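Undergrad: Input file: structure-v7.csv. Contents: CSV, C-alpha atoms.
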```csv
chain,number,residue,atom,x,y,z
A,258,TYR,CA,22.3,30.7,5.8
A,259,GLN,CA,24.9,28.1,6.9
A,260,ASN,CA,22.2,26.1,8.7
A,261,ALA,CA,19.7,26.2,5.8
A,262,ARG,CA,18.6,22.8,4.7
A,263,THR,CA,17.1,23.5,1.3
A,264,PRO,CA,17.8,26.0,-1.6
A,265,GLU,CA,14.5,27.7,-0.6
A,266,GLU,CA,15.7,28.2,2.9
A,267,LYS,CA,19.1,29.5,1.7
A,268,LEU,CA,17.3,32.0,-0.6
A,269,ALA,CA,15.2,33.3,2.2
A,270,ALA,CA,18.2,33.7,4.4
A,271,LEU,CA,20.1,35.6,1.7
A,272,GLY,CA,17.0,37.8,1.2
A,273,GLU,CA,17.0,38.7,4.9
A,274,MET,CA,20.7,39.4,4.8
A,275,LEU,CA,20.4,41.7,1.8
A,276,ARG,CA,17.5,43.6,3.5
A,277,THR,CA,19.6,44.3,6.6
A,278,VAL,CA,22.9,45.2,4.9
A,279,PRO,CA,23.3,49.0,5.0
A,280,LYS,CA,23.2,50.7,1.6
A,281,HIS,CA,26.4,52.6,1.0
A,282,LYS,CA,29.5,52.4,-1.2
A,283,GLN,CA,31.5,50.2,1.1
A,284,THR,CA,28.8,47.4,1.0
A,285,GLU,CA,28.3,47.4,-2.8
A,286,ASN,CA,30.4,44.3,-3.3
A,287,ILE,CA,28.6,42.4,-0.5
A,288,ARG,CA,25.2,43.3,-1.9
A,289,LYS,CA,26.3,42.2,-5.4
A,290,GLU,CA,27.5,38.9,-4.1
A,291,PHE,CA,24.2,38.3,-2.3
A,292,THR,CA,22.3,39.2,-5.4
A,293,ARG,CA,24.5,36.8,-7.5
A,294,LYS,CA,24.0,34.0,-5.1
A,295,MET,CA,20.2,34.6,-5.0
A,296,ALA,CA,20.0,34.5,-8.8
A,297,LYS,CA,21.9,31.2,-8.8
A,298,LEU,CA,19.6,29.7,-6.2
A,299,ARG,CA,16.5,30.8,-8.1
A,300,GLU,CA,17.9,29.1,-11.2
A,301,GLU,CA,18.5,25.9,-9.1
A,302,ILE,CA,15.0,26.0,-7.7
A,303,GLU,CA,13.5,26.4,-11.2
A,304,LYS,CA,15.5,23.4,-12.4
A,305,GLU,CA,14.2,21.4,-9.4
A,306,LYS,CA,10.6,22.3,-10.4
A,307,THR,CA,11.1,21.0,-13.9
A,308,SER,CA,13.0,17.8,-13.0
A,309,GLY,CA,10.5,16.9,-10.3
A,310,ALA,CA,10.6,13.2,-9.4
A,311,LYS,CA,13.4,12.6,-11.9
A,312,LYS,CA,15.9,13.8,-9.3
A,313,GLY,CA,18.6,11.1,-8.9
A,314,GLY,CA,18.4,9.8,-12.5
A,315,GLY,CA,19.6,6.4,-13.5
A,316,GLN,CA,17.6,3.3,-12.5
A,317,THR,CA,14.1,4.1,-11.5
A,318,PHE,CA,12.0,2.3,-8.9
A,319,ASN,CA,8.7,3.9,-9.8
A,320,VAL,CA,5.8,1.4,-9.9
A,321,LYS,CA,2.7,1.9,-12.0
A,322,LYS,CA,-0.3,2.5,-9.8
A,323,GLU,CA,-3.1,-0.1,-9.7
A,324,GLY,CA,-6.2,-0.5,-7.6
A,325,GLU,CA,-7.8,2.5,-5.7
A,326,ALA,CA,-4.5,3.7,-4.2
A,327,GLN,CA,-0.8,2.9,-3.7
A,328,ILE,CA,0.7,2.6,-0.2
A,329,ALA,CA,4.5,2.3,0.1
A,330,ILE,CA,5.9,0.1,2.9
A,331,ILE,CA,9.1,1.6,4.0
A,332,GLY,CA,11.6,1.4,6.9
A,333,VAL,CA,15.1,0.7,8.0
A,334,PRO,CA,16.8,-2.7,7.2
A,335,ASN,CA,15.2,-5.7,9.0
A,336,SER,CA,12.2,-3.7,10.3
A,337,GLY,CA,9.6,-6.3,9.1
A,338,LYS,CA,8.6,-4.9,5.7
A,339,SER,CA,8.5,-8.2,3.9
A,340,THR,CA,6.7,-9.9,6.8
A,341,LEU,CA,4.0,-7.2,6.6
A,342,LEU,CA,3.6,-7.5,2.9
A,343,LEU,CA,3.2,-11.3,3.2
A,344,GLU,CA,0.6,-10.9,6.0
A,345,LEU,CA,-1.5,-8.3,4.1
A,346,THR,CA,-1.2,-9.6,0.5
A,347,GLY,CA,0.1,-13.1,0.5
A,348,VAL,CA,3.1,-12.1,-1.6
A,349,GLN,CA,6.1,-14.0,-0.5
A,350,THR,CA,9.5,-12.3,-0.7
A,351,GLU,CA,12.9,-13.3,0.6
A,352,ILE,CA,12.9,-12.8,4.4
A,353,ALA,CA,16.3,-13.0,6.0
A,354,PRO,CA,18.0,-11.6,9.2
A,355,TYR,CA,20.5,-9.6,7.2
A,356,PRO,CA,20.0,-6.1,5.8
A,357,PHE,CA,19.1,-5.1,2.2
A,358,THR,CA,17.3,-8.4,1.4
A,359,THR,CA,14.9,-6.4,-0.7
A,360,LYS,CA,16.8,-4.7,-3.5
A,361,GLU,CA,13.9,-3.4,-5.7
A,362,PRO,CA,10.2,-2.7,-5.1
A,363,VAL,CA,7.9,-5.7,-4.5
A,364,VAL,CA,4.2,-5.3,-5.3
A,365,GLY,CA,1.2,-7.0,-3.7
A,366,MET,CA,-2.6,-6.3,-3.7
A,367,MET,CA,-4.5,-6.0,-0.5
A,368,ASN,CA,-8.3,-6.2,-0.4
A,369,TYR,CA,-10.2,-4.1,2.1
A,370,ARG,CA,-14.0,-4.7,2.0
A,371,GLU,CA,-13.6,-5.8,-1.7
A,372,VAL,CA,-11.6,-2.6,-2.5
A,373,PRO,CA,-8.1,-3.3,-4.0
A,374,LEU,CA,-5.2,-1.4,-2.7
A,375,GLN,CA,-1.7,-1.7,-4.0
A,376,LEU,CA,1.1,-2.2,-1.4
A,377,VAL,CA,4.7,-1.7,-2.5
A,378,GLU,CA,7.5,-2.8,-0.3
A,379,MET,CA,10.4,-0.5,-0.9
A,380,PRO,CA,14.2,-1.2,-0.4
A,381,ALA,CA,15.4,-0.1,3.0
A,382,ILE,CA,16.0,3.5,4.0
A,383,ILE,CA,19.3,4.2,5.8
A,384,GLU,CA,21.1,7.3,7.1
A,385,GLY,CA,22.3,9.0,3.9
A,386,SER,CA,19.6,7.7,1.6
A,387,SER,CA,18.7,11.3,0.7
A,388,GLU,CA,22.3,11.7,-0.5
A,389,GLY,CA,22.2,8.7,-2.7
A,390,LYS,CA,23.4,5.8,-0.5
A,391,ALA,CA,22.0,2.4,-1.2
A,392,SER,CA,20.0,3.7,-4.2
A,393,GLY,CA,18.4,6.1,-1.8
A,394,MET,CA,17.4,8.7,-4.4
A,395,GLN,CA,15.5,6.2,-6.5
A,396,VAL,CA,13.8,4.8,-3.4
A,397,LEU,CA,12.7,8.3,-2.2
A,398,SER,CA,11.6,9.3,-5.7
A,399,SER,CA,9.2,6.2,-5.7
A,400,ILE,CA,8.0,7.1,-2.2
A,401,ARG,CA,7.1,10.6,-3.5
A,402,ASN,CA,4.8,8.9,-6.0
A,403,ALA,CA,2.9,6.9,-3.4
A,404,ASP,CA,-0.5,8.0,-2.1
A,405,ALA,CA,0.3,7.1,1.5
A,406,LEU,CA,3.0,5.4,3.6
A,407,ALA,CA,3.3,2.5,6.1
A,408,ILE,CA,6.5,3.1,8.1
A,409,LEU,CA,7.9,0.0,9.8
A,410,PHE,CA,10.1,0.4,12.9
A,411,ILE,CA,11.5,-1.4,15.9
A,412,THR,CA,13.1,1.4,17.9
A,413,GLU,CA,12.5,5.1,18.1
A,414,ASP,CA,15.8,5.7,16.5
A,415,ASP,CA,14.6,3.7,13.4
A,416,LYS,CA,11.6,6.0,13.2
A,417,LYS,CA,13.8,9.2,13.5
A,418,THR,CA,16.1,8.0,10.8
A,419,VAL,CA,13.3,7.4,8.3
A,420,ILE,CA,11.6,10.8,9.1
A,421,LYS,CA,14.9,12.6,8.8
A,422,GLU,CA,15.7,11.1,5.4
A,423,LEU,CA,12.2,11.8,4.1
A,424,GLU,CA,12.4,15.4,5.2
A,425,LYS,CA,15.8,15.9,3.5
A,426,ALA,CA,14.0,14.7,0.3
A,427,ASP,CA,11.2,17.2,0.9
A,428,ILE,CA,8.7,14.5,1.9
A,429,LEU,CA,6.8,15.5,5.1
A,430,VAL,CA,4.6,13.0,6.9
A,431,ASN,CA,1.4,13.6,8.8
A,432,ARG,CA,1.6,17.3,8.3
A,433,GLU,CA,-0.3,19.8,6.2
A,434,LYS,CA,0.9,22.6,4.0
A,435,PRO,CA,0.9,25.9,5.8
A,436,LYS,CA,-2.3,27.8,5.1
A,437,VAL,CA,-0.9,30.7,3.1
A,438,ILE,CA,-2.6,31.7,-0.1
A,439,ILE,CA,-0.3,33.6,-2.5
A,440,LYS,CA,-1.6,35.1,-5.7
A,441,VAL,CA,1.2,36.6,-7.7
A,442,GLY,CA,0.6,39.7,-9.9
A,443,GLU,CA,-2.8,40.7,-8.5
A,444,TYR,CA,-1.6,43.9,-7.0
A,445,LYS,CA,1.4,46.2,-7.2
A,446,GLY,CA,3.7,45.5,-4.2
A,447,ILE,CA,3.0,43.0,-1.5
A,448,ASN,CA,-0.5,43.2,0.0
A,449,MET,CA,-1.1,41.1,3.1
A,450,GLY,CA,-4.4,39.8,4.7
A,451,GLY,CA,-4.8,38.0,7.9
A,452,THR,CA,-1.8,39.7,9.4
A,453,GLN,CA,-3.1,38.9,12.9
A,454,PHE,CA,-1.7,35.4,12.3
A,455,LEU,CA,1.8,36.7,11.6
A,456,ARG,CA,4.5,35.6,14.1
A,457,GLU,CA,7.1,37.7,12.3
A,458,LYS,CA,7.5,41.4,11.4
A,459,PRO,CA,5.8,42.1,8.0
A,460,GLU,CA,9.1,43.5,6.7
A,461,LYS,CA,10.7,40.1,7.2
A,462,ILE,CA,7.9,38.3,5.3
A,463,THR,CA,8.1,40.8,2.5
A,464,ALA,CA,11.9,40.3,2.3
A,465,THR,CA,11.4,36.5,2.0
A,466,LEU,CA,8.8,36.9,-0.8
A,467,LYS,CA,11.2,39.2,-2.7
A,468,ALA,CA,14.0,36.7,-2.2
A,469,PHE,CA,11.8,34.2,-4.1
A,470,GLY,CA,11.3,36.8,-6.9
A,471,ILE,CA,7.8,37.7,-5.7
A,472,HIS,CA,7.4,41.5,-5.8
A,473,ASN,CA,3.8,41.9,-6.7
A,474,ALA,CA,1.3,39.7,-4.9
A,475,SER,CA,-1.6,39.4,-2.5
A,476,VAL,CA,-0.9,37.1,0.5
A,477,LEU,CA,-3.5,35.7,2.8
A,478,PHE,CA,-2.5,34.1,6.1
A,479,GLN,CA,-5.1,31.7,7.4
A,480,GLU,CA,-3.3,30.3,10.5
A,481,PRO,CA,-0.4,31.4,12.8
A,482,CYS,CA,2.6,31.7,10.4
A,483,THR,CA,6.4,32.1,10.9
A,484,ASN,CA,9.0,32.9,8.3
A,485,GLU,CA,10.0,29.2,8.2
A,486,MET,CA,6.4,28.2,7.5
A,487,LEU,CA,6.3,30.8,4.6
A,488,VAL,CA,9.4,29.3,3.2
A,489,GLU,CA,7.8,25.8,3.4
A,490,ALA,CA,4.7,27.1,1.6
A,491,LEU,CA,6.9,28.5,-1.1
A,492,ASN,CA,8.9,25.3,-1.6
A,493,GLN,CA,7.1,23.6,-4.5
A,494,ARG,CA,9.2,20.4,-4.1
A,495,ILE,CA,7.6,19.5,-0.8
A,496,VAL,CA,5.0,16.7,-0.8
A,497,TYR,CA,2.8,15.8,2.2
A,498,LYS,CA,2.1,12.2,2.9
A,499,LYS,CA,-0.2,10.5,5.4
A,500,ALA,CA,1.7,7.8,7.2
A,501,LEU,CA,0.9,4.9,9.6
A,502,PHE,CA,3.8,3.9,12.0
A,503,ILE,CA,3.8,0.2,12.6
A,504,ASN,CA,6.0,-1.9,15.0
A,505,GLN,CA,5.7,-5.2,13.3
A,506,PHE,CA,6.9,-7.0,16.4
A,507,GLU,CA,4.0,-5.8,18.5
A,508,PRO,CA,0.7,-7.6,18.4
A,509,HIS,CA,-1.9,-6.2,16.0
A,510,ASP,CA,-5.2,-7.1,14.4
A,511,THR,CA,-4.9,-7.7,10.7
A,512,GLY,CA,-8.4,-6.5,9.9
A,513,GLU,CA,-8.0,-3.3,11.9
A,514,LEU,CA,-4.6,-2.7,10.3
A,515,LYS,CA,-6.2,-3.0,6.8
A,516,LYS,CA,-8.8,-0.5,7.8
A,517,LYS,CA,-6.2,2.0,9.1
A,518,LEU,CA,-4.2,1.7,5.9
A,519,PHE,CA,-7.3,2.3,3.8
A,520,GLU,CA,-8.2,5.4,5.8
A,521,LEU,CA,-4.7,6.8,5.0
A,522,THR,CA,-5.6,7.1,1.4
A,523,GLY,CA,-8.2,9.9,1.9
A,524,LYS,CA,-11.0,7.8,0.5
A,525,ILE,CA,-14.2,6.2,1.9
A,526,ILE,CA,-16.4,3.3,0.9
A,527,VAL,CA,-20.2,3.4,0.9
A,528,PHE,CA,-22.7,0.7,0.2
A,529,THR,CA,-26.1,0.8,-1.6
A,530,LYS,CA,-29.4,-0.8,-0.7
A,531,LYS,CA,-32.8,-1.1,-2.3
A,532,PRO,CA,-35.9,-0.3,-0.3
A,533,GLY,CA,-36.8,-3.3,1.9
A,534,GLU,CA,-33.6,-5.2,1.1
A,535,LYS,CA,-30.2,-5.6,2.8
A,536,ALA,CA,-27.2,-3.6,1.8
A,537,ASP,CA,-25.0,-4.8,-1.1
A,538,THR,CA,-21.7,-5.1,0.8
A,539,ALA,CA,-20.1,-7.1,-2.0
A,540,ALA,CA,-19.9,-4.1,-4.3
A,541,PRO,CA,-18.8,-0.9,-2.4
A,542,LEU,CA,-18.4,2.4,-4.1
A,543,VAL,CA,-15.2,4.3,-3.5
A,544,LEU,CA,-15.4,8.1,-3.0
A,545,ASP,CA,-13.0,10.8,-1.9
A,546,LYS,CA,-13.3,11.9,1.8
A,547,ASN,CA,-15.8,14.7,2.4
A,548,SER,CA,-17.9,13.5,-0.6
A,549,THR,CA,-21.6,14.4,-0.4
A,550,VAL,CA,-24.8,12.4,-1.3
A,551,GLU,CA,-24.9,14.4,-4.5
A,552,ASP,CA,-21.3,13.3,-5.4
A,553,PHE,CA,-22.3,9.7,-4.7
A,554,ALA,CA,-25.4,9.9,-6.9
A,555,LYS,CA,-23.4,11.5,-9.8
A,556,LYS,CA,-20.9,8.7,-9.6
A,557,LEU,CA,-23.7,6.1,-10.0
A,558,HIS,CA,-25.1,8.0,-13.0
A,559,LYS,CA,-24.6,11.6,-14.1
A,560,ASP,CA,-28.4,12.3,-14.3
A,561,LEU,CA,-29.4,10.5,-11.1
A,562,ALA,CA,-28.7,13.5,-8.9
A,563,LYS,CA,-31.2,15.6,-10.8
A,564,ASN,CA,-34.0,13.1,-10.3
A,565,LEU,CA,-33.5,12.2,-6.6
A,566,ARG,CA,-36.7,12.4,-4.5
A,567,PHE,CA,-35.1,11.6,-1.2
A,568,VAL,CA,-32.1,9.7,0.3
A,569,ARG,CA,-31.8,7.6,3.5
A,570,VAL,CA,-28.5,6.9,5.2
A,571,TRP,CA,-27.5,4.2,7.8
A,572,GLY,CA,-24.3,4.5,9.7
A,573,SER,CA,-23.2,8.1,10.3
A,574,THR,CA,-26.6,9.6,10.8
A,575,LYS,CA,-28.2,10.2,14.2
A,576,PHE,CA,-31.0,7.8,13.4
A,577,GLU,CA,-30.8,4.6,11.3
A,578,GLY,CA,-32.3,5.2,7.8
A,579,GLN,CA,-32.5,9.0,8.4
A,580,ARG,CA,-33.5,11.2,5.5
A,581,VAL,CA,-30.7,13.6,4.4
A,582,SER,CA,-30.1,16.4,1.9
A,583,LYS,CA,-28.0,16.2,-1.2
A,584,ASP,CA,-25.2,18.1,0.5
A,585,TYR,CA,-24.9,15.6,3.4
A,586,ILE,CA,-21.3,14.6,3.9
A,587,LEU,CA,-20.9,10.8,3.9
A,588,GLN,CA,-18.6,8.8,6.2
A,589,ASN,CA,-16.7,5.6,5.7
A,590,GLU,CA,-19.0,2.5,5.4
A,591,ASP,CA,-22.2,4.4,5.3
A,592,ILE,CA,-25.2,2.6,3.7
A,593,ILE,CA,-27.3,4.6,1.2
A,594,GLU,CA,-30.8,4.1,-0.1
A,595,LEU,CA,-31.7,6.4,-3.1
A,596,THR,CA,-35.3,7.0,-4.2
A,597,ALA,CA,-35.7,8.7,-7.6
```
Kindly transcribe the structure held in the file into structure tokens.

TA:
Amino acid sequence: YQNARTPEEKLAALGEMLRTVPKHKQTENIRKEFTRKMAKLREEIEKEKTSGAKKGGGQTFNVKKEGEAQIAIIGVPNSGKSTLLLELTGVQTEIAPYPFTTKEPVVGMMNYREVPLQLVEMPAIIEGSSEGKASGMQVLSSIRNADALAILFITEDDKKTVIKELEKADILVNREKPKVIIKVGEYKGINMGGTQFLREKPEKITATLKAFGIHNASVLFQEPCTNEMLVEALNQRIVYKKALFINQFEPHDTGELKKKLFELTGKIIVFTKKPGEKADTAAPLVLDKNSTVEDFAKKLHKDLAKNLRFVRVWGSTKFEGQRVSKDYILQNEDIIELTA
């Protein structure tokens, strides 16, 4: 309980303590105290859910999204954020060898294969940002709103500082939410599936769920799961962000860097071509990753998918111009020829 980092972790720890305290007259006051603290923590968690990104209050650094996606450029002071923004967007900001040169977000637009992406240079993150130092709460609130992150660093300690402050603000990078499906109220009691994946005793998992006020639910574990992972899955404040770590002072290819940043957004671009002609690379179509040929056709026109005779794809297929089905999953920079 003392080592718990978040209200959710404290609640889970109290639930475990309450489960293990013997039930007799001498422990009544202890159990009442645990129950009182758990109720207070549930109330605190509920307030967090409703306040969302408003946590921190006061001045806001949130930037209205434009283009296909928003990527926040973040890092410790003097890590090269302004230099990177200039390189990728042409937007000139004050660049100086002293910390906190950037005091509010600076926006630029980057084009990748004619697709506009919004880059936002954020004020520096320092140790204590998650506690409000140097407008840290406003900065972290804006970062929560971004689609992906470019994290600038010079030393490994820089990287660790940024990751630690993000984690304290419930922002986890390059991780996925634990694969636990919880459906509340479906059954009486706690019914578990996929228990072969449990790395804890079922009684401990049940105690954690009850600590969160979940007494009737079906729970399906789809990967190896510890109690800490369950608490993470239950924490609705956590957001997961794809991030690219960049040492601005190491050589890099600008074109390749733009491609990597685009790939962070979870989107792909595809090109169209008419039979006997070259692909139209000046007007790419942006799709979500794992989109199919049918998704692509629907985006062009809602009725086109119904009238398709066949489709040819260049790029990700085994053979150039190979015929594919409607459920074929497209890859980044594929070229597509539709025949209706």

Undergrad: Measuring atom to atom with all atoms listed in the file, identify which of A:Pro334, A:Gly572, A:Gly347, A:Pro264 is nearest to Lys416 of chain A.

TA: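 That would be A:Pro334, the residue with the smallest distance to Lys416 of chain A.
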
Undergrad: Using all atoms listed in the file, what table do you get, as a tab-separated table, when you list each residue of segment 424-492 of chain A with an atom no more than 12 Å from segment 404-412 of chain A, its nearest pair of atoms, and their distance in Å rounded to one decimal, rows by chain then rising number?

TA:
```
residue	atom	partner	partner_atom	distance
A:Ile428	CA	A:Leu406	CA	10.9
A:Leu429	CA	A:Leu406	CA	10.9
A:Val430	CA	A:Leu406	CA	8.4
A:Asn431	CA	A:Ala405	CA	9.8
```

Undergrad: Write the residues you've just listed into a file as a compact mmCIF listing (two decimals), keeping the file's coordinate frame, and include C-alpha atoms for each of them.

TA:
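Once everything was written out, this is out-v1.txt:
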```txt
# COMPACT_ATOMS: atom_id res chain seq x y z
CA ILE A 428 8.70 14.50 1.90
CA LEU A 429 6.80 15.50 5.10
CA VAL A 430 4.60 13.00 6.90
CA ASN A 431 1.40 13.60 8.80
```

Undergrad: Taking only C-alpha atoms into account, which of A:Asn402, A:Asn547, A:Ser387, A:Asn504 comes nearest Val320 of chain A?

TA: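 The shortest atom-to-atom distance to Val320 of chain A comes from A:Asn402.
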
Undergrad: Give me, as a Markdown table, each residue of segment 319-384 of chain A that comes within 12 Å of segment 527-533 of chain A, together with its shortest interatomic pair and the distance in Å at one decimal, counting only C-alpha atoms, with rows ordered by chain and rising residue number.

TA:
```
| residue | atom | partner | partner_atom | distance |
| --- | --- | --- | --- | --- |
| A:Arg370 | CA | A:Val527 | CA | 10.3 |
| A:Glu371 | CA | A:Phe528 | CA | 11.3 |
| A:Val372 | CA | A:Val527 | CA | 11.0 |
```

Undergrad: For the point (7.0, 39.8, 4.8) in the file's frame, write as a CSV table (one decimal) with C-alpha atoms, in the coordinates of the input all residues with an atom no more than 12 Å away, counting only C-alpha atoms.

TA:
```csv
chain,number,residue,atom,x,y,z
A,269,ALA,CA,15.2,33.3,2.2
A,272,GLY,CA,17.0,37.8,1.2
A,273,GLU,CA,17.0,38.7,4.9
A,276,ARG,CA,17.5,43.6,3.5
A,446,GLY,CA,3.7,45.5,-4.2
A,447,ILE,CA,3.0,43.0,-1.5
A,448,ASN,CA,-0.5,43.2,0.0
A,449,MET,CA,-1.1,41.1,3.1
A,450,GLY,CA,-4.4,39.8,4.7
A,452,THR,CA,-1.8,39.7,9.4
A,455,LEU,CA,1.8,36.7,11.6
A,456,ARG,CA,4.5,35.6,14.1
A,457,GLU,CA,7.1,37.7,12.3
A,458,LYS,CA,7.5,41.4,11.4
A,459,PRO,CA,5.8,42.1,8.0
A,460,GLU,CA,9.1,43.5,6.7
A,461,LYS,CA,10.7,40.1,7.2
A,462,ILE,CA,7.9,38.3,5.3
A,463,THR,CA,8.1,40.8,2.5
A,464,ALA,CA,11.9,40.3,2.3
A,465,THR,CA,11.4,36.5,2.0
A,466,LEU,CA,8.8,36.9,-0.8
A,467,LYS,CA,11.2,39.2,-2.7
A,468,ALA,CA,14.0,36.7,-2.2
A,469,PHE,CA,11.8,34.2,-4.1
A,471,ILE,CA,7.8,37.7,-5.7
A,472,HIS,CA,7.4,41.5,-5.8
A,474,ALA,CA,1.3,39.7,-4.9
A,475,SER,CA,-1.6,39.4,-2.5
A,476,VAL,CA,-0.9,37.1,0.5
A,477,LEU,CA,-3.5,35.7,2.8
A,478,PHE,CA,-2.5,34.1,6.1
A,482,CYS,CA,2.6,31.7,10.4
A,483,THR,CA,6.4,32.1,10.9
A,484,ASN,CA,9.0,32.9,8.3
A,485,GLU,CA,10.0,29.2,8.2
A,486,MET,CA,6.4,28.2,7.5
A,487,LEU,CA,6.3,30.8,4.6
A,488,VAL,CA,9.4,29.3,3.2
```
